[in-house]
$ cat work-v2.txt   # compact mmCIF, C-alpha atoms and all ligand atoms
# COMPACT_ATOMS: atom_id res chain seq x y z
CA MET A 1 0.00 0.00 0.00
CA THR A 2 1.46 3.36 -0.95
CA GLN A 3 1.50 5.93 1.79
CA LEU A 4 -0.51 9.05 1.17
CA SER A 5 0.97 12.49 1.66
CA TYR A 6 -0.37 14.64 4.48
CA GLN A 7 -2.40 16.70 1.98
CA GLU A 8 -3.97 13.63 0.34
CA ARG A 9 -4.85 12.13 3.69
CA ARG A 10 -6.27 15.42 4.90
CA GLY A 11 -8.49 15.50 1.81
CA GLN A 12 -9.84 12.02 2.57
CA ILE A 13 -10.50 12.96 6.19
CA GLU A 14 -12.31 16.12 5.14
CA THR A 15 -14.53 14.17 2.71
CA TYR A 16 -15.28 11.61 5.39
CA PHE A 17 -16.20 14.06 8.16
CA ASP A 18 -17.88 16.59 5.88
CA ARG A 19 -19.93 14.16 3.78
CA THR A 20 -19.72 10.39 4.32
CA ALA A 21 -20.06 10.34 8.10
CA VAL A 22 -21.49 13.72 8.89
CA GLN A 23 -24.92 12.47 9.97
CA ALA A 24 -23.57 9.58 12.02
CA TRP A 25 -21.11 11.95 13.65
CA ALA A 26 -23.82 14.52 14.42
CA ARG A 27 -25.88 11.78 16.09
CA LEU A 28 -22.98 10.22 18.00
CA THR A 29 -22.10 13.62 19.46
CA SER A 30 -25.71 14.42 20.47
CA ASP A 31 -27.99 13.00 23.17
CA ALA A 32 -30.02 11.02 20.61
CA PRO A 33 -30.24 7.28 21.25
CA VAL A 34 -27.58 5.16 19.52
CA GLY A 35 -27.03 1.40 19.25
CA ARG A 36 -25.09 -0.63 21.80
CA ILE A 37 -21.73 -0.40 20.01
CA ARG A 38 -21.93 3.34 19.44
CA ALA A 39 -23.03 3.81 23.05
CA THR A 40 -19.68 2.35 24.18
CA VAL A 41 -17.90 4.76 21.82
CA ARG A 42 -19.91 7.70 23.13
CA ALA A 43 -19.15 6.75 26.73
CA GLY A 44 -15.44 6.37 25.94
CA ARG A 45 -15.34 9.70 24.16
CA ASP A 46 -17.07 11.38 27.11
CA ARG A 47 -14.41 9.93 29.41
CA MET A 48 -11.61 11.04 27.11
CA ARG A 49 -12.97 14.58 26.90
CA ALA A 50 -13.28 14.66 30.70
CA THR A 51 -9.69 13.40 31.02
CA LEU A 52 -8.28 16.09 28.73
CA LEU A 53 -10.33 18.79 30.46
CA SER A 54 -9.13 17.55 33.87
CA TRP A 55 -5.57 18.29 32.76
CA LEU A 56 -6.46 21.95 32.22
CA PRO A 57 -6.78 24.51 35.02
CA ASP A 58 -10.32 25.11 36.32
CA ASP A 59 -9.93 28.80 35.59
CA LEU A 60 -9.04 29.38 31.95
CA ARG A 61 -9.65 33.12 31.88
CA GLY A 62 -6.85 34.74 29.89
CA THR A 63 -6.00 31.44 28.17
CA ARG A 64 -5.99 31.24 24.38
CA LEU A 65 -6.83 27.65 23.48
CA LEU A 66 -6.94 25.89 20.11
CA ASP A 67 -9.44 23.05 19.81
CA ALA A 68 -7.63 21.41 16.89
CA GLY A 69 -10.12 19.30 14.92
CA CYS A 70 -13.07 20.46 17.02
CA GLY A 71 -15.77 18.35 15.35
CA THR A 72 -19.11 19.38 16.82
CA GLY A 73 -17.42 21.48 19.48
CA ALA A 74 -18.11 19.78 22.84
CA LEU A 75 -14.60 20.32 24.20
CA ALA A 76 -14.49 23.91 22.97
CA VAL A 77 -17.72 24.66 24.85
CA GLU A 78 -16.41 23.22 28.13
CA ALA A 79 -13.15 25.17 27.83
CA ALA A 80 -15.02 28.39 27.03
CA LYS A 81 -17.32 27.86 30.04
CA ARG A 82 -14.15 28.00 32.16
CA GLY A 83 -13.31 31.35 30.60
CA ALA A 84 -10.99 30.36 27.74
CA GLN A 85 -10.74 32.29 24.48
CA VAL A 86 -11.14 29.30 22.17
CA VAL A 87 -10.36 28.97 18.49
CA ALA A 88 -12.20 25.87 17.32
CA ILE A 89 -11.15 24.66 13.89
CA ASP A 90 -12.11 21.68 11.80
CA LEU A 91 -11.61 20.56 8.19
CA SER A 92 -15.35 19.95 7.88
CA PRO A 93 -17.37 23.16 7.33
CA THR A 94 -20.56 21.17 8.02
CA LEU A 95 -19.37 20.06 11.47
CA VAL A 96 -18.13 23.57 12.23
CA ASN A 97 -21.58 24.97 11.38
CA LEU A 98 -23.19 22.37 13.61
CA ALA A 99 -20.77 23.23 16.42
CA ARG A 100 -21.64 26.90 16.02
CA GLU A 101 -25.37 26.11 16.20
CA ARG A 102 -24.89 23.92 19.26
CA GLN A 103 -22.89 26.37 21.33
CA PRO A 104 -24.83 27.69 24.32
CA SER A 105 -25.81 31.33 24.15
CA ASP A 106 -24.08 32.13 27.46
CA LEU A 107 -20.41 31.24 27.73
CA GLY A 108 -19.70 33.66 30.57
CA ALA A 109 -16.23 35.18 30.24
CA GLY A 110 -15.26 32.70 27.54
CA ARG A 111 -15.80 32.80 23.80
CA ILE A 112 -15.38 30.54 20.82
CA ASP A 113 -14.26 31.55 17.33
CA PHE A 114 -15.22 28.77 14.95
CA CYS A 115 -13.31 28.29 11.70
CA ALA A 116 -13.26 25.75 8.90
CA GLY A 117 -9.77 24.85 7.75
CA ASP A 118 -6.49 23.23 8.68
CA MET A 119 -5.34 23.33 12.29
CA LEU A 120 -1.85 24.13 10.96
CA ASP A 121 -2.92 27.46 9.44
CA PRO A 122 -0.43 30.03 10.82
CA ALA A 123 -3.10 32.74 10.49
CA LEU A 124 -4.73 31.29 13.62
CA GLY A 125 -1.98 32.91 15.67
CA GLU A 126 -0.43 31.79 18.95
CA PHE A 127 -1.94 29.73 21.73
CA ASP A 128 -1.28 28.95 25.37
CA VAL A 129 -2.72 25.47 24.98
CA VAL A 130 -3.63 23.23 22.04
CA VAL A 131 -6.00 20.29 22.48
CA GLY A 132 -6.54 17.74 19.71
CA MET A 133 -8.95 15.03 20.79
CA ASP A 134 -8.89 12.12 18.31
CA SER A 135 -8.01 14.49 15.48
CA LEU A 136 -4.57 13.01 14.66
CA ILE A 137 -5.59 9.34 14.83
CA HIS A 138 -6.18 9.08 11.06
CA TYR A 139 -2.66 10.17 10.10
CA GLN A 140 0.50 8.08 9.85
CA ALA A 141 2.49 8.61 13.05
CA PRO A 142 5.31 10.59 11.33
CA ASP A 143 2.68 12.97 9.87
CA ALA A 144 0.94 13.33 13.24
CA VAL A 145 4.30 14.19 14.81
CA ARG A 146 5.00 16.76 12.08
CA VAL A 147 1.61 18.35 12.80
CA LEU A 148 2.51 18.55 16.50
CA ALA A 149 5.89 20.02 15.58
CA GLY A 150 4.12 22.71 13.56
CA LEU A 151 1.68 23.47 16.35
CA ALA A 152 4.51 23.58 18.90
CA GLN A 153 5.98 26.62 17.11
CA ARG A 154 2.85 28.57 18.06
CA THR A 155 2.10 27.09 21.49
CA ARG A 156 3.34 28.61 24.73
CA GLN A 157 2.52 25.95 27.34
CA ALA A 158 1.06 22.58 26.48
CA MET A 159 -0.30 20.37 23.72
CA LEU A 160 -2.82 17.69 24.70
CA PHE A 161 -3.64 15.14 22.05
CA THR A 162 -4.70 11.53 21.64
CA PHE A 163 -3.42 8.65 19.58
CA ALA A 164 -4.81 5.20 18.78
CA PRO A 165 -2.64 2.82 20.77
CA SER A 166 -1.33 -0.25 19.06
CA ASN A 167 0.11 -3.50 20.28
CA PRO A 168 1.76 -6.22 18.19
CA ALA A 169 -1.45 -8.28 17.85
CA LEU A 170 -3.42 -5.25 16.70
CA ALA A 171 -0.64 -4.27 14.28
CA THR A 172 -0.67 -7.75 12.73
CA MET A 173 -4.44 -7.67 12.29
CA HIS A 174 -4.20 -4.22 10.83
CA MET A 175 -1.57 -5.30 8.32
CA ALA A 176 -3.65 -8.30 7.38
CA GLY A 177 -6.46 -5.87 6.61
CA LYS A 178 -8.88 -7.70 8.89
CA LEU A 179 -9.61 -4.74 11.05
CA PHE A 180 -10.40 -2.33 8.25
CA PRO A 181 -12.09 -4.26 5.47
CA ARG A 182 -11.76 -3.05 1.91
CA GLY A 183 -14.76 -1.03 0.86
CA ASN A 184 -15.04 0.61 4.23
CA ARG A 185 -15.04 4.24 3.22
CA ALA A 186 -13.94 5.48 6.61
CA PRO A 187 -10.37 6.68 6.63
CA ALA A 188 -8.78 3.97 8.77
CA ILE A 189 -7.52 4.85 12.18
CA VAL A 190 -3.75 4.35 12.22
CA PRO A 191 -2.66 2.71 15.47
CA VAL A 192 0.81 3.45 16.82
CA ALA A 193 2.69 1.87 19.71
CA GLU A 194 3.28 4.40 22.50
CA LYS A 195 6.98 3.52 22.49
CA ASN A 196 7.29 4.31 18.77
CA LEU A 197 5.35 7.52 19.11
CA ARG A 198 7.58 8.67 21.98
CA ARG A 199 10.65 7.85 19.89
CA LEU A 200 9.34 9.92 16.97
CA LEU A 201 8.46 12.82 19.29
CA ALA A 202 11.92 12.73 20.88
CA ALA A 203 13.61 12.66 17.45
CA GLU A 204 11.70 15.63 16.00
CA PRO A 205 14.03 18.67 15.97
CA GLN A 206 11.13 21.15 16.24
CA LEU A 207 10.02 19.48 19.46
CA ARG A 208 13.32 20.08 21.21
CA GLY A 209 12.40 21.87 24.41
CA TRP A 210 9.21 19.82 24.78
CA HIS A 211 8.68 16.61 26.70
CA PRO A 212 5.81 14.16 27.31
CA ALA A 213 4.09 14.55 30.69
CA ARG A 214 0.73 13.05 31.72
CA THR A 215 -0.66 10.11 29.83
CA GLN A 216 -3.95 8.20 30.11
CA ARG A 217 -5.52 5.38 28.14
CA VAL A 218 -9.31 5.23 27.84
CA ALA A 219 -10.87 1.94 26.75
CA SER A 220 -14.64 1.56 26.52
CA GLY A 221 -16.03 -1.21 24.32
CA PHE A 222 -15.27 -0.25 20.73
CA TYR A 223 -13.42 2.91 21.71
CA THR A 224 -9.77 2.91 22.70
CA SER A 225 -7.71 6.04 22.70
CA HIS A 226 -4.68 7.26 24.58
CA ALA A 227 -4.12 10.84 25.75
CA LEU A 228 -0.65 12.34 25.95
CA GLU A 229 0.37 15.76 27.22
CA MET A 230 3.40 17.52 25.78
CA VAL A 231 4.77 20.43 27.80
CA ARG A 232 7.63 22.84 27.42
CA THR A 233 10.71 21.75 29.34
C1 LIG A 301 -12.62 11.83 15.27
S1 LIG A 301 -13.07 13.50 14.98
C2 LIG A 301 -12.95 14.21 16.59
C3 LIG A 301 -13.64 15.54 16.70
C4 LIG A 301 -13.57 16.20 18.09
N1 LIG A 301 -12.21 16.51 18.47
C5 LIG A 301 -14.21 15.33 19.11
O1 LIG A 301 -13.49 14.65 19.87
O2 LIG A 301 -15.46 15.27 19.15
C6 LIG A 301 -11.62 14.12 14.18
C7 LIG A 301 -11.80 15.50 13.61
O3 LIG A 301 -10.53 16.05 13.29
C8 LIG A 301 -10.66 16.85 12.12
N2 LIG A 301 -9.34 17.02 11.51
C9 LIG A 301 -8.49 16.08 11.07
N3 LIG A 301 -7.38 16.63 10.57
C10 LIG A 301 -7.52 17.97 10.68
C11 LIG A 301 -6.71 19.09 10.31
N4 LIG A 301 -5.54 18.92 9.72
N5 LIG A 301 -7.17 20.32 10.59
C12 LIG A 301 -8.39 20.50 11.17
N6 LIG A 301 -9.20 19.47 11.54
C13 LIG A 301 -8.78 18.22 11.30
C14 LIG A 301 -11.66 16.04 11.29
O4 LIG A 301 -12.28 16.84 10.29
C15 LIG A 301 -12.63 15.53 12.35
O5 LIG A 301 -13.76 16.36 12.51

$ encode --input "work-v2.txt" --output "structure tokens" --more "lines below"
Ligand SMILES: C[S@@+](CC[C@H](N)C(=O)[O-])C[C@H]1O[C@@H](n2cnc3c(N)ncnc32)[C@H](O)[C@@H]1O
Amino acid sequence: MTQLSYQERRGQIETYFDRTAVQAWARLTSDAPVGRIRATVRAGRDRMRATLLSWLPDDLRGTRLLDAGCGTGALAVEAAKRGAQVVAIDLSPTLVNLARERQPSDLGAGRIDFCAGDMLDPALGEFDVVVGMDSLIHYQAPDAVRVLAGLAQRTRQAMLFTFAPSNPALATMHMAGKLFPRGNRAPAIVPVAEKNLRRLLAAEPQLRGWHPARTQRVASGFYTSHALEMVRT
């Protein structure tokens, strides 16, 4: 299988989240009833969001935060309720519009600027904190690390993101194509072993001066994701 460039992959992800899966994603991220499997995913995602938010200070007034790959905006809303000035960006204009519609009218001292586009756009400016929940899991690990390296140039304090953890058994299944059958139009999640990811992060010149800090795996039925915090040394 040839490896796609970052741009090609990004295009596939945009098509998936803006068209193929937009309705399923809108439902998954709402309170509407879902089947048993999706309920485990929803519960896992709720736990992951709570984990990432628990790593942020309770009082986010004066904090400029990027919700990188915001989807329908749940994390952005929670951060804004704590007073953060949030920029919430996603490749999918449809999800960004939905996020805008779903935001509560009163965010207290916080605010959210929603944008459709690439989280790497330098025009977004500088941030104290970047959070990317499950937004890098569809990229090859070296591309995900390059995205983090790019974001690090504009981040003052911390980057919180998740990856899809892999183990040798999962990697073998993945290579055999059993996990992601042909014809499945979803851009496959690309699992990476934590050890390999840490090695790539440590080897990236633009991440000199950063180191991994807190880490937490969340497993709930059909959802498994692993949060990692990168902070300035
Ligand atoms: C699995 S969803 C997660 C959405 C949201 N963070 C959440 O947890 O509900 C991944 C999102 O990341 C977005 N995404 C992926 N790559 C991106 C990029 N380079 N710039 C902006 N958004 C991106 C996708 O469009 C998609 O909406």

$ residues_near_ligand --input "work-v2.txt" --ligand "ligand LIG 301 (chain A)" --cutoff "6 Å" --atoms "only C-alpha atoms and all ligand atoms" --output "mmCIF file with C-alpha atoms, keeping the file's coordinate frame"
data_model
loop_
_atom_site.group_PDB
_atom_site.id
_atom_site.type_symbol
_atom_site.label_atom_id
_atom_site.label_comp_id
_atom_site.auth_asym_id
_atom_site.auth_seq_id
_atom_site.Cartn_x
_atom_site.Cartn_y
_atom_site.Cartn_z
ATOM 1 C CA ARG A 10 -6.270 15.420 4.900
ATOM 2 C CA ILE A 13 -10.500 12.960 6.190
ATOM 3 C CA GLU A 14 -12.310 16.120 5.140
ATOM 4 C CA PHE A 17 -16.200 14.060 8.160
ATOM 5 C CA ALA A 68 -7.630 21.410 16.890
ATOM 6 C CA GLY A 69 -10.120 19.300 14.920
ATOM 7 C CA CYS A 70 -13.070 20.460 17.020
ATOM 8 C CA GLY A 71 -15.770 18.350 15.350
ATOM 9 C CA THR A 72 -19.110 19.380 16.820
ATOM 10 C CA ILE A 89 -11.150 24.660 13.890
ATOM 11 C CA ASP A 90 -12.110 21.680 11.800
ATOM 12 C CA LEU A 91 -11.610 20.560 8.190
ATOM 13 C CA SER A 92 -15.350 19.950 7.880
ATOM 14 C CA GLY A 117 -9.770 24.850 7.750
ATOM 15 C CA ASP A 118 -6.490 23.230 8.680
ATOM 16 C CA MET A 119 -5.340 23.330 12.290
ATOM 17 C CA GLY A 132 -6.540 17.740 19.710
ATOM 18 C CA MET A 133 -8.950 15.030 20.790
ATOM 19 C CA ASP A 134 -8.890 12.120 18.310
ATOM 20 C CA SER A 135 -8.010 14.490 15.480
#

$ closest_residue --input "work-v2.txt" --among "A:Thr15, A:Gly44, A:Leu98, A:Asp128" --to "Leu60 of chain A" --atoms "all atoms listed in the file"
A:Asp128

$ closest_residue --input "work-v2.txt" --among "A:Ala109, A:Leu75, A:Leu228, A:Leu28" --to "Gln216 of chain A" --atoms "only C-alpha atoms"
A:Leu228

$ residues_near_point --input "work-v2.txt" --point "(8.3, 16.2, 23.7)" --cutoff "7 Å" --atoms "all atoms listed in the file" --output "list in words"
Leu201, Ala202, Leu207, Arg208, Trp210, His211, Pro212, Met230 and Val231 of chain A

$ closest_residue --input "work-v2.txt" --among "A:Arg27, A:Arg82, A:Arg49, A:Lys195" --to "Val131 of chain A" --atoms "only C-alpha atoms"
A:Arg49

$ residues_around --input "work-v2.txt" --residues "Ile37 of chain A" --least-positions-apart "6" --cutoff "12 Å" --atoms "only C-alpha atoms" --output "ChimeraX atom specification"
/A:28,43-44,220-223

$ closest_residue --input "work-v2.txt" --among "A:Gly150, A:Gly73, A:Pro187, A:Gly11" --to "Cys115 of chain A" --atoms "all atoms listed in the file"
A:Gly73

$ closest_residue --input "work-v2.txt" --among "A:Ser225, A:Asn196, A:Ser54, A:Gln103" --to "Ala164 of chain A" --atoms "all atoms listed in the file"
A:Ser225

$ closest_residue --input "work-v2.txt" --among "A:Leu56, A:Val87, A:Leu95, A:Ala76" --to "Asp18 of chain A" --atoms "all atoms listed in the file"
A:Leu95

$ atom_distance --input "work-v2.txt" --atom1 "atom CA of Arg154 of chain A" --atom2 "atom CA of Gly125 of chain A"
6.9 Å

$ atom_distance --input "work-v2.txt" --atom1 "atom CA of Thr94 of chain A" --atom2 "atom CA of Ala21 of chain A"
10.8 Å

$ axis_aligned_box --input "work-v2.txt" --around "segment 188-193 of chain A" --padding-each-side "8 Å" --output "AutoDock Vina command-line options"
--center_x -3.0 --center_y 3.4 --center_z 14.2 --size_x 27.5 --size_y 19.0 --size_z 26.9

$ atom_distance --input "work-v2.txt" --atom1 "atom CA of Gln206 of chain A" --atom2 "atom CA of Ala149 of chain A"
5.4 Å

$ residues_near_point --input "work-v2.txt" --point "(-1.4, 19.6, 18.5)" --cutoff "7 Å" --atoms "all atoms listed in the file" --output "NGL selection string"
:A and (68 or 130-132 or 147-148 or 151 or 159-161)

$ write_last_selection --input "work-v2.txt" --atoms "C-alpha atoms" --output "PDB file, keeping the file's coordinate frame"
ATOM      1  CA  ALA A  68      -7.630  21.410  16.890  1.00  0.00           C
ATOM      2  CA  VAL A 130      -3.630  23.230  22.040  1.00  0.00           C
ATOM      3  CA  VAL A 131      -6.000  20.290  22.480  1.00  0.00           C
ATOM      4  CA  GLY A 132      -6.540  17.740  19.710  1.00  0.00           C
ATOM      5  CA  VAL A 147       1.610  18.350  12.800  1.00  0.00           C
ATOM      6  CA  LEU A 148       2.510  18.550  16.500  1.00  0.00           C
ATOM      7  CA  LEU A 151       1.680  23.470  16.350  1.00  0.00           C
ATOM      8  CA  MET A 159      -0.300  20.370  23.720  1.00  0.00           C
ATOM      9  CA  LEU A 160      -2.820  17.690  24.700  1.00  0.00           C
ATOM     10  CA  PHE A 161      -3.640  15.140  22.050  1.00  0.00           C
TER      11      PHE A 161
END

$ residues_around --input "work-v2.txt" --residues "Asp59 of chain A" --least-positions-apart "4" --cutoff "10 Å" --atoms "only C-alpha atoms" --output "VMD selection string"
chain A and resid 63 79 to 84

$ residues_around --input "work-v2.txt" --residues "Ser30 of chain A" --least-positions-apart "6" --cutoff "10 Å" --atoms "all atoms listed in the file" --output "MDAnalysis selection string"
chainID A and resid 24 42 72 74 102

$ write_last_selection --input "work-v2.txt" --atoms "C-alpha atoms" --output "PDB file, in the coordinates of the input"
ATOM      1  CA  ALA A  24     -23.570   9.580  12.020  1.00  0.00           C
ATOM      2  CA  ARG A  42     -19.910   7.700  23.130  1.00  0.00           C
ATOM      3  CA  THR A  72     -19.110  19.380  16.820  1.00  0.00           C
ATOM      4  CA  ALA A  74     -18.110  19.780  22.840  1.00  0.00           C
ATOM      5  CA  ARG A 102     -24.890  23.920  19.260  1.00  0.00           C
TER       6      ARG A 102
END
